[in-house]
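Novice: You'll find start-v2.cif just under this line, and it carries mmCIF, C-alpha atoms and all ligand atoms.
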data_work
#
loop_
_atom_site.label_atom_id
_atom_site.label_comp_id
_atom_site.auth_asym_id
_atom_site.auth_seq_id
_atom_site.Cartn_x
_atom_site.Cartn_y
_atom_site.Cartn_z
CA MET A 1 -41.20 13.48 -10.37
CA VAL A 2 -41.06 17.25 -11.02
CA LEU A 3 -39.35 17.69 -7.64
CA THR A 4 -36.79 14.96 -8.44
CA ARG A 5 -35.96 16.70 -11.74
CA LEU A 6 -35.64 20.04 -9.98
CA PHE A 7 -33.33 18.48 -7.35
CA ARG A 8 -31.22 16.96 -10.15
CA LEU A 9 -30.98 20.33 -11.90
CA CYS A 10 -29.79 21.99 -8.69
CA GLY A 11 -27.47 19.11 -7.84
CA ILE A 12 -29.38 18.60 -4.55
CA HIS A 13 -30.00 14.89 -5.35
CA ARG A 14 -26.38 14.24 -4.43
CA TYR A 15 -26.94 15.11 -0.80
CA PHE A 16 -29.95 12.84 -0.55
CA LYS A 17 -28.40 10.03 -2.54
CA ASN A 18 -25.82 9.49 0.15
CA VAL A 19 -28.20 9.32 3.05
CA PRO A 20 -29.68 5.81 2.61
CA GLN A 21 -26.19 4.33 2.73
CA CYS A 22 -25.63 6.00 6.03
CA HIS A 23 -26.00 4.47 9.40
CA GLY A 24 -26.53 6.54 12.50
CA ARG A 25 -28.21 9.78 11.60
CA TYR A 26 -26.13 11.48 8.97
CA PHE A 27 -22.75 9.88 8.71
CA CYS A 28 -21.65 7.08 6.50
CA THR A 29 -20.29 4.46 8.87
CA SER A 30 -21.26 1.28 7.04
CA PRO A 31 -18.23 -0.92 6.32
CA PRO A 32 -17.08 0.17 2.87
CA SER A 33 -16.54 -2.30 0.08
CA ILE A 34 -12.81 -2.26 -0.55
CA ALA A 35 -11.78 -2.43 -4.17
CA GLN A 36 -8.29 -1.42 -5.15
CA LEU A 37 -8.20 1.86 -7.06
CA SER A 38 -6.85 1.66 -10.58
CA GLN A 39 -6.09 5.40 -10.70
CA LYS A 40 -2.77 7.01 -9.86
CA ILE A 41 -3.04 9.19 -6.76
CA GLY A 42 -1.06 12.41 -6.36
CA PHE A 43 -0.29 14.59 -3.38
CA ILE A 44 0.90 18.15 -3.85
CA GLY A 45 2.35 18.81 -0.40
CA ASP A 46 3.65 15.95 1.76
CA GLY A 47 2.70 17.15 5.25
CA SER A 48 0.71 15.56 8.06
CA MET A 49 -2.57 15.41 6.17
CA ALA A 50 -1.11 13.99 2.94
CA LYS A 51 0.60 11.31 5.03
CA ALA A 52 -2.56 10.58 7.03
CA ILE A 53 -4.69 10.20 3.89
CA CYS A 54 -2.14 8.12 2.02
CA ARG A 55 -1.29 5.80 4.93
CA SER A 56 -4.94 5.34 5.74
CA ILE A 57 -6.02 4.32 2.24
CA LYS A 58 -2.90 2.16 1.80
CA LYS A 59 -3.60 0.38 5.09
CA LYS A 60 -7.12 -0.41 3.86
CA GLY A 61 -5.71 -1.88 0.64
CA LEU A 62 -7.10 0.77 -1.73
CA ILE A 63 -3.72 1.57 -3.27
CA GLN A 64 -0.13 0.41 -3.59
CA TYR A 65 2.64 2.95 -3.03
CA SER A 66 3.71 2.47 -6.67
CA GLN A 67 0.46 4.29 -7.64
CA VAL A 68 1.34 7.27 -5.45
CA TYR A 69 3.01 10.48 -6.68
CA VAL A 70 4.12 13.09 -4.12
CA SER A 71 5.79 16.48 -4.38
CA SER A 72 7.12 19.08 -1.98
CA PRO A 73 9.99 21.58 -2.07
CA TYR A 74 12.77 19.55 -0.40
CA ILE A 75 13.73 16.17 -1.82
CA GLU A 76 15.22 15.01 1.51
CA ASN A 77 11.79 15.40 3.13
CA LEU A 78 10.46 12.90 0.60
CA ASP A 79 12.87 10.08 1.52
CA SER A 80 10.36 8.28 3.70
CA TRP A 81 7.84 8.22 0.82
CA LYS A 82 10.52 6.97 -1.56
CA GLU A 83 11.47 4.15 0.80
CA LEU A 84 7.83 3.04 0.83
CA GLY A 85 7.85 2.87 -2.98
CA ALA A 86 6.05 6.13 -3.86
CA ASN A 87 7.16 8.30 -6.77
CA VAL A 88 8.58 11.54 -5.46
CA SER A 89 9.54 14.89 -6.96
CA THR A 90 10.18 18.49 -6.04
CA ASP A 91 8.26 19.45 -9.18
CA ASN A 92 4.51 19.72 -8.54
CA SER A 93 3.80 19.66 -12.27
CA ILE A 94 5.06 16.05 -12.48
CA VAL A 95 2.55 14.95 -9.87
CA ALA A 96 -0.23 16.88 -11.62
CA LYS A 97 0.74 15.32 -14.94
CA GLU A 98 1.15 11.72 -13.77
CA ALA A 99 -1.66 11.31 -11.26
CA ASP A 100 -5.34 10.92 -12.19
CA ILE A 101 -6.58 12.09 -8.79
CA VAL A 102 -4.58 14.89 -7.20
CA PHE A 103 -4.89 15.85 -3.55
CA LEU A 104 -4.05 19.51 -2.98
CA ALA A 105 -2.43 19.32 0.47
CA VAL A 106 -0.42 22.52 0.87
CA LYS A 107 -1.17 25.39 3.23
CA PRO A 108 -3.77 27.80 1.81
CA HIS A 109 -1.36 30.72 1.28
CA ILE A 110 0.91 28.49 -0.86
CA LEU A 111 -1.81 27.33 -3.24
CA SER A 112 -2.10 30.02 -5.90
CA GLY A 113 1.69 30.29 -6.36
CA ALA A 114 2.01 26.52 -6.62
CA ILE A 115 -0.77 26.27 -9.23
CA GLU A 116 0.70 29.21 -11.13
CA ASN A 117 4.07 27.41 -11.29
CA ILE A 118 2.43 24.23 -12.56
CA ALA A 119 0.52 26.19 -15.21
CA ASN A 120 3.77 27.80 -16.39
CA SER A 121 5.70 24.52 -16.49
CA PRO A 122 6.51 22.52 -19.64
CA ASN A 123 4.14 19.79 -18.37
CA ALA A 124 1.13 22.12 -18.29
CA ALA A 125 -0.28 21.08 -21.67
CA GLU A 126 -0.43 17.44 -20.54
CA ILE A 127 -2.38 18.20 -17.38
CA ARG A 128 -5.92 17.46 -18.47
CA ASN A 129 -9.08 15.80 -17.15
CA LYS A 130 -7.79 15.54 -13.61
CA LEU A 131 -9.87 15.14 -10.51
CA PHE A 132 -8.48 17.45 -7.82
CA ILE A 133 -9.38 16.98 -4.17
CA SER A 134 -8.59 20.07 -2.12
CA ILE A 135 -8.25 19.64 1.63
CA LEU A 136 -7.23 23.27 2.19
CA ALA A 137 -8.97 25.08 5.02
CA GLY A 138 -11.20 27.89 3.84
CA VAL A 139 -10.42 27.84 0.10
CA THR A 140 -13.75 27.90 -1.72
CA ILE A 141 -14.79 25.83 -4.69
CA LYS A 142 -15.26 29.02 -6.69
CA ASP A 143 -11.63 30.03 -6.08
CA LEU A 144 -10.35 26.49 -6.64
CA GLU A 145 -12.21 26.21 -9.96
CA LYS A 146 -10.87 29.57 -11.06
CA LEU A 147 -7.30 28.54 -10.26
CA LEU A 148 -7.63 25.08 -11.81
CA SER A 149 -9.38 26.31 -14.96
CA LYS A 150 -5.86 26.60 -16.38
CA PHE A 151 -6.00 22.82 -16.85
CA ARG A 152 -8.58 21.65 -19.33
CA GLY A 153 -11.23 19.22 -18.04
CA SER A 154 -10.27 19.59 -14.40
CA ARG A 155 -12.86 18.86 -11.73
CA VAL A 156 -12.54 19.67 -8.08
CA VAL A 157 -13.94 18.33 -4.84
CA ARG A 158 -13.45 20.29 -1.63
CA ALA A 159 -12.93 18.05 1.38
CA MET A 160 -12.16 18.61 5.05
CA PRO A 161 -10.58 15.55 6.67
CA ASN A 162 -8.98 15.11 10.07
CA THR A 163 -5.88 13.31 11.36
CA PRO A 164 -7.63 10.44 13.23
CA MET A 165 -8.10 8.94 9.76
CA LEU A 166 -4.58 7.61 10.36
CA ILE A 167 -6.18 4.98 12.61
CA GLY A 168 -9.35 4.58 10.54
CA GLU A 169 -11.35 6.91 12.81
CA GLY A 170 -11.39 9.97 10.57
CA CYS A 171 -14.28 12.34 10.04
CA THR A 172 -14.38 13.95 6.61
CA VAL A 173 -16.88 16.16 4.88
CA TYR A 174 -16.76 16.88 1.18
CA CYS A 175 -18.52 18.92 -1.41
CA PRO A 176 -18.40 18.66 -5.23
CA GLY A 177 -17.41 21.43 -7.59
CA THR A 178 -19.67 22.37 -10.49
CA THR A 179 -18.13 20.01 -13.06
CA VAL A 180 -17.72 16.93 -10.87
CA THR A 181 -19.45 13.83 -12.23
CA ASP A 182 -21.36 11.24 -10.25
CA SER A 183 -18.59 8.75 -10.99
CA ASP A 184 -16.01 11.21 -9.55
CA LEU A 185 -18.13 11.44 -6.41
CA THR A 186 -18.30 7.67 -6.10
CA ILE A 187 -14.50 7.50 -6.30
CA VAL A 188 -14.09 10.24 -3.69
CA LYS A 189 -16.58 8.53 -1.40
CA ASN A 190 -14.79 5.18 -1.84
CA ILE A 191 -11.51 6.82 -0.87
CA LEU A 192 -12.84 8.75 2.10
CA GLU A 193 -15.10 6.15 3.64
CA VAL A 194 -12.25 3.73 4.30
CA THR A 195 -10.65 6.43 6.45
CA GLY A 196 -13.60 6.67 8.87
CA MET A 197 -16.88 8.57 8.71
CA CYS A 198 -17.54 10.69 5.64
CA GLN A 199 -20.39 12.90 4.61
CA LEU A 200 -21.32 14.94 1.57
CA LEU A 201 -22.40 18.43 2.67
CA PRO A 202 -23.22 21.80 1.15
CA GLU A 203 -20.11 23.98 0.97
CA ARG A 204 -21.51 26.66 3.27
CA MET A 205 -21.15 24.21 6.18
CA ILE A 206 -17.54 23.17 5.56
CA ASN A 207 -15.77 25.84 7.62
CA ALA A 208 -18.03 25.14 10.60
CA VAL A 209 -17.60 21.37 10.33
CA GLY A 210 -13.84 21.82 9.87
CA ALA A 211 -13.71 23.84 13.10
CA VAL A 212 -15.43 20.98 14.94
CA SER A 213 -13.83 17.93 13.31
CA ALA A 214 -10.54 19.04 11.73
CA SER A 215 -9.49 21.37 14.58
CA GLY A 216 -11.48 19.36 17.12
CA PRO A 217 -8.83 16.68 17.75
CA ALA A 218 -6.49 19.39 19.08
CA PHE A 219 -9.22 20.68 21.42
CA VAL A 220 -9.89 17.14 22.61
CA TYR A 221 -6.16 16.43 23.17
CA ILE A 222 -6.07 19.44 25.47
CA PHE A 223 -9.15 18.13 27.28
CA ILE A 224 -7.54 14.68 27.69
CA GLU A 225 -4.29 16.22 28.85
CA ALA A 226 -6.11 18.36 31.40
CA LEU A 227 -8.12 15.38 32.64
CA SER A 228 -4.87 13.48 33.00
CA ASP A 229 -3.27 16.47 34.79
CA GLY A 230 -6.16 16.43 37.23
CA GLY A 231 -5.54 12.74 37.90
CA VAL A 232 -1.84 13.39 38.47
CA ARG A 233 -2.70 16.25 40.81
CA MET A 234 -4.84 13.85 42.81
CA GLY A 235 -2.03 11.30 43.03
CA LEU A 236 -2.23 9.06 39.94
CA HIS A 237 0.85 8.18 37.90
CA ARG A 238 0.89 9.99 34.56
CA ASP A 239 0.67 6.87 32.36
CA MET A 240 -2.30 5.57 34.27
CA ALA A 241 -4.04 8.97 34.35
CA THR A 242 -3.60 9.45 30.59
CA LYS A 243 -4.81 5.96 29.75
CA PHE A 244 -7.94 6.38 31.87
CA ALA A 245 -8.59 9.89 30.53
CA ALA A 246 -8.27 8.83 26.86
CA GLN A 247 -10.33 5.65 27.30
CA THR A 248 -13.01 7.67 29.10
CA VAL A 249 -13.21 10.21 26.27
CA MET A 250 -13.46 7.39 23.73
CA GLY A 251 -16.13 5.59 25.75
CA ALA A 252 -18.16 8.77 26.26
CA ALA A 253 -17.92 9.58 22.53
CA LYS A 254 -19.20 6.10 21.68
CA MET A 255 -22.08 6.54 24.15
CA VAL A 256 -23.10 9.71 22.30
CA LEU A 257 -22.84 8.07 18.87
CA GLU A 258 -24.33 4.71 19.73
CA THR A 259 -27.11 5.43 22.24
CA ASN A 260 -28.54 8.43 20.36
CA LYS A 261 -29.26 9.94 23.77
CA HIS A 262 -28.86 13.68 24.25
CA MET A 263 -25.58 14.65 25.94
CA GLY A 264 -27.56 16.32 28.74
CA THR A 265 -29.35 13.04 29.47
CA LEU A 266 -26.11 11.09 29.49
CA LYS A 267 -24.58 13.68 31.82
CA ASP A 268 -27.59 13.54 34.15
CA GLU A 269 -27.28 9.76 34.29
CA VAL A 270 -23.77 10.14 35.73
CA CYS A 271 -24.70 12.81 38.28
CA SER A 272 -26.22 11.47 41.47
CA ALA A 273 -27.80 13.95 43.89
CA GLY A 274 -25.17 15.66 45.98
CA GLY A 275 -22.52 13.34 44.50
CA GLN A 276 -18.95 13.72 43.28
CA THR A 277 -19.70 14.24 39.57
CA ILE A 278 -22.07 17.18 40.04
CA ALA A 279 -19.43 18.73 42.30
CA GLY A 280 -16.93 18.42 39.41
CA ILE A 281 -19.44 19.82 36.91
CA HIS A 282 -20.09 22.79 39.17
CA ALA A 283 -16.34 23.52 39.10
CA MET A 284 -16.31 23.24 35.27
CA GLU A 285 -19.30 25.53 34.86
CA ARG A 286 -17.69 28.15 37.13
CA CYS A 287 -14.70 28.14 34.74
CA ALA A 288 -17.02 28.51 31.71
CA VAL A 289 -15.64 25.44 29.93
CA ARG A 290 -18.60 25.31 27.53
CA GLY A 291 -18.13 28.94 26.51
CA ALA A 292 -14.41 28.36 26.00
CA LEU A 293 -15.05 25.42 23.66
CA MET A 294 -17.72 27.29 21.71
CA ASP A 295 -15.30 30.22 21.37
CA ALA A 296 -12.62 27.82 20.11
CA VAL A 297 -14.92 26.47 17.38
CA GLU A 298 -15.99 29.99 16.41
CA ALA A 299 -12.37 31.20 16.24
CA ALA A 300 -11.34 28.21 14.11
CA ALA A 301 -14.24 28.63 11.65
CA LEU A 302 -13.58 32.37 11.27
CA LYS A 303 -9.87 31.71 10.78
CA ALA A 304 -10.64 29.17 8.02
CA ALA A 305 -12.67 31.78 6.16
CA GLU A 306 -9.83 34.30 6.57
CA LEU A 307 -7.22 31.79 5.31
CA GLY A 308 -9.41 31.07 2.31
CA LYS A 309 -9.53 34.78 1.45
CA GLN A 310 -5.75 35.13 1.87
CA SER A 311 -5.15 32.18 -0.48
CA THR A 312 -6.27 34.17 -3.50
CA GLU A 313 -5.00 37.63 -2.56
N1 LIG A 401 -3.57 19.21 9.94
C1 LIG A 401 -4.87 18.99 9.97
O1 LIG A 401 -5.40 18.42 10.94
C2 LIG A 401 -5.71 19.40 8.79
C3 LIG A 401 -7.04 18.96 8.74
C4 LIG A 401 -7.81 19.29 7.62
C5 LIG A 401 -7.28 20.06 6.61
N2 LIG A 401 -6.00 20.50 6.71
C6 LIG A 401 -5.45 21.29 5.59
O2 LIG A 401 -4.51 20.48 4.95
C7 LIG A 401 -3.50 21.29 4.36
C8 LIG A 401 -2.15 20.72 4.76
O3 LIG A 401 -2.08 20.74 6.16
P1 LIG A 401 -0.96 19.93 6.92
O4 LIG A 401 -1.35 19.92 8.34
O5 LIG A 401 -0.69 18.64 6.22
O6 LIG A 401 0.25 20.94 6.71
P2 LIG A 401 1.82 20.64 6.68
O7 LIG A 401 2.12 19.45 7.54
O8 LIG A 401 2.52 21.92 6.95
O9 LIG A 401 2.06 20.23 5.15
C9 LIG A 401 2.15 21.14 4.09
C10 LIG A 401 3.12 20.54 3.10
O10 LIG A 401 3.20 21.37 1.96
C11 LIG A 401 4.57 21.39 1.54
N3 LIG A 401 4.81 22.54 0.68
C12 LIG A 401 5.17 23.81 1.01
N4 LIG A 401 5.29 24.56 -0.10
C13 LIG A 401 4.99 23.74 -1.15
C14 LIG A 401 4.92 23.92 -2.55
N5 LIG A 401 5.17 25.11 -3.14
N6 LIG A 401 4.59 22.86 -3.31
C15 LIG A 401 4.34 21.64 -2.77
N7 LIG A 401 4.37 21.42 -1.44
C16 LIG A 401 4.68 22.46 -0.65
C17 LIG A 401 5.31 21.46 2.85
O11 LIG A 401 6.66 21.12 2.64
P3 LIG A 401 7.79 21.75 3.64
O12 LIG A 401 7.44 21.22 5.00
O13 LIG A 401 9.05 21.21 3.11
O14 LIG A 401 7.64 23.23 3.53
C18 LIG A 401 4.54 20.40 3.63
O15 LIG A 401 5.00 19.12 3.32
C19 LIG A 401 -3.72 22.72 4.87
O16 LIG A 401 -4.22 23.49 3.82
C20 LIG A 401 -4.74 22.58 5.97
O17 LIG A 401 -5.64 23.65 5.97
C21 LIG A 401 -5.20 20.16 7.76
#
Written as structure tokens, that's how I'd like the structure from this file.

Specialist:
Amino acid sequence: MVLTRLFRLCGIHRYFKNVPQCHGRYFCTSPPSIAQLSQKIGFIGDGSMAKAICRSIKKKGLIQYSQVYVSSPYIENLDSWKELGANVSTDNSIVAKEADIVFLAVKPHILSGAIENIANSPNAAEIRNKLFISILAGVTIKDLEKLLSKFRGSRVVRAMPNTPMLIGEGCTVYCPGTTVTDSDLTIVKNILEVTGMCQLLPERMINAVGAVSASGPAFVYIFIEALSDGGVRMGLHRDMATKFAAQTVMGAAKMVLETNKHMGTLKDEVCSAGGQTIAGIHAMERCAVRGALMDAVEAAALKAAELGKQSTE
């Protein structure tokens, strides 16, 4: 009882509250209940991630494009959104005013200038009680809350999604700001879980997770391409080599997620004594593939922290 109260005071209950709904070990993969959102959804920035999030939640029936408000600097870049029925503008303050939930989807170094412009716009006084969801790499909740304190009643959630959400196979972590309510968190979870796996995590882990899951697809594309290159080198046609490489990566990933076996065990199960696979693994180990991947994750996490610092300088 005392412990529960203490957890509530520290906000720790939120991390535990999510776990029973999760399948597998930590991730929420249970089929989400789909109820259309009544809120208007805004995107400040209309790049790859804004498109991936919006298309993904539209595809799952959470929103209609008429509920969507998008802004970015060039109106011609917003034509495709307009054709779909979204409300578009080059003025970020219109999106912040009209939408109830606003995704911040610009590059980190753009953020403070963009917020400053909104705060100095004639719409500023009407921007109140908004729920902001920042997907910016590295930008901390402390800095986001400081920037957004210009708008009364604003709450912020920091999230780190990835592009496979476009096909419903995303992997997103998120973390609430200090003024976020439980009902805000339920809304954020409802939005994110239709895009794939999602997990509430302490903020200190977000840069590391982002390096694995947000940058990870790029690392894996290189791996698939290289596997395909190897097939071509050994005489396969490119289309066939790529199809087999991608399907193999997907199958191996599912083996890891669904069997709960350690990767080393799964690897051992494929390596027969003196066989072809251990010969291939020997070649990989000589090239230090593991070290290269670990270095890639480390470099991405450090870069996220650096970008976050630059965003407020
Ligand atoms: N890509 C990923 O896989 C990924 C994953 C997780 C998180 N993120 C984060 O998501 C954010 C967006 O990434 P992204 O890949 O979507 O980048 P992006 O494709 O470059 O999109 C950024 C968008 O912001 C627009 N923009 C530039 N200045 C603006 C301003 N002053 N006001 C409003 N919009 C402005 C850009 O428009 P113009 O093109 O016309 O300049 C562009 O549409 C980044 O902070 C990144 O850290 C990305």

Novice: Any residue with an atom at most 7 Å from ligand LIG 401 (chain A) counts, using only C-alpha atoms and all ligand atoms. Which are they? Put them as a list in words.

Specialist: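 Those within range of ligand LIG 401 (chain A) are Ile44, Gly45, Asp46, Gly47, Ser48, Met49, Ala50, Ser71, Ser72, Pro73, Tyr74, Asn77, Asn92, Ala105, Val106, Lys107, Pro108, Ile110, Ala114, Ile135, Leu136, Ala137, Met160, Pro161, Asn162, Thr163, Gly210, Ala214 and Ser215 of chain A.
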
Novice: Would you mind telling me which residue in A:Thr195, A:Asn260, A:Ser183, A:Asn190 lies nearest to Cys171 in chain A when using all atoms listed in the file?

Specialist: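 Once distances to Cys171 in chain A are computed over all atoms listed in the file, the minimum belongs to A:Thr195.
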
Novice: Could you state the separation of CA of Leu78 in chain A and CA of Ser56 in chain A in Å, given to one decimal place?

Specialist: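 A separation of 17.9 Å between them.
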
Novice: Rank A:Lys189, A:Arg158, A:Arg55, A:Lys254 by their smallest atom-to-atom distance to Glu203 in chain A, using all atoms listed in the file, and report the top residue only.

Specialist: A:Arg158

Novice: Record the distance separating CA of Phe244 in chain A and CA of Ile281 in chain A, expressed in Å with one decimal.

Specialist: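 If I compute the distance from CA of Phe244 in chain A to CA of Ile281 in chain A, I get 18.4 Å.
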
Novice: Identify which of the residues A:Ser121, A:Glu225, A:Phe219, A:Val157 lies closest to Ser134 in chain A, counting only C-alpha atoms when measuring atom-to-atom distances.

Specialist: A:Val157

Novice: When you look at Ser66 in chain A with a cut-off of 10 Å (counting all atoms listed in the file), what residues show up, excluding the ones that are within fewer than 6 positions of it in the same chain? I need them as a PyMOL selection string.

Specialist: chain A and resi 40-41+82+84-87

Novice: Please, what distance in Å, to one decimal, runs between CA of Tyr69 in chain A and CA of Val88 in chain A?

Specialist: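 Interatomic distance, CA of Tyr69 in chain A to CA of Val88 in chain A: 5.8 Å.
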
Novice: Counting all atoms listed in the file, which of A:Ala96, A:Ala296, A:Met284, A:Ile101 gets nearest to Val188 in chain A?

Specialist: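 Closest residue, counting all atoms listed in the file: A:Ile101.
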
Novice: Neighbouring residues of Pro164 in chain A were defined as those with any atom within 9 Å, considering only C-alpha atoms; residues of the same chain fewer than 4 positions away were excluded. Please report them as a ChimeraX atom specification.

Specialist: /A:52,168-171,195-196,217

Novice: Extract, using only C-alpha atoms, all DNA, RNA and protein residues at most 9 Å from Leu131 in chain A, discarding same-chain residues fewer than 2 positions from it, and format them as an MDAnalysis selection string.

Specialist: chainID A and resid 100:103 129 133 153:157 180 184

Novice: What's the 10 Å shell around Phe151 in chain A, counting all atoms listed in the file, without same-chain residues fewer than 4 positions away, as a list of chain:residue names?

Specialist: A:Ala96, A:Ile115, A:Ile118, A:Ala119, A:Ala124, A:Ala125, A:Glu126, A:Ile127, A:Arg128, A:Asn129, A:Lys130, A:Glu145, A:Leu147, A:Arg155
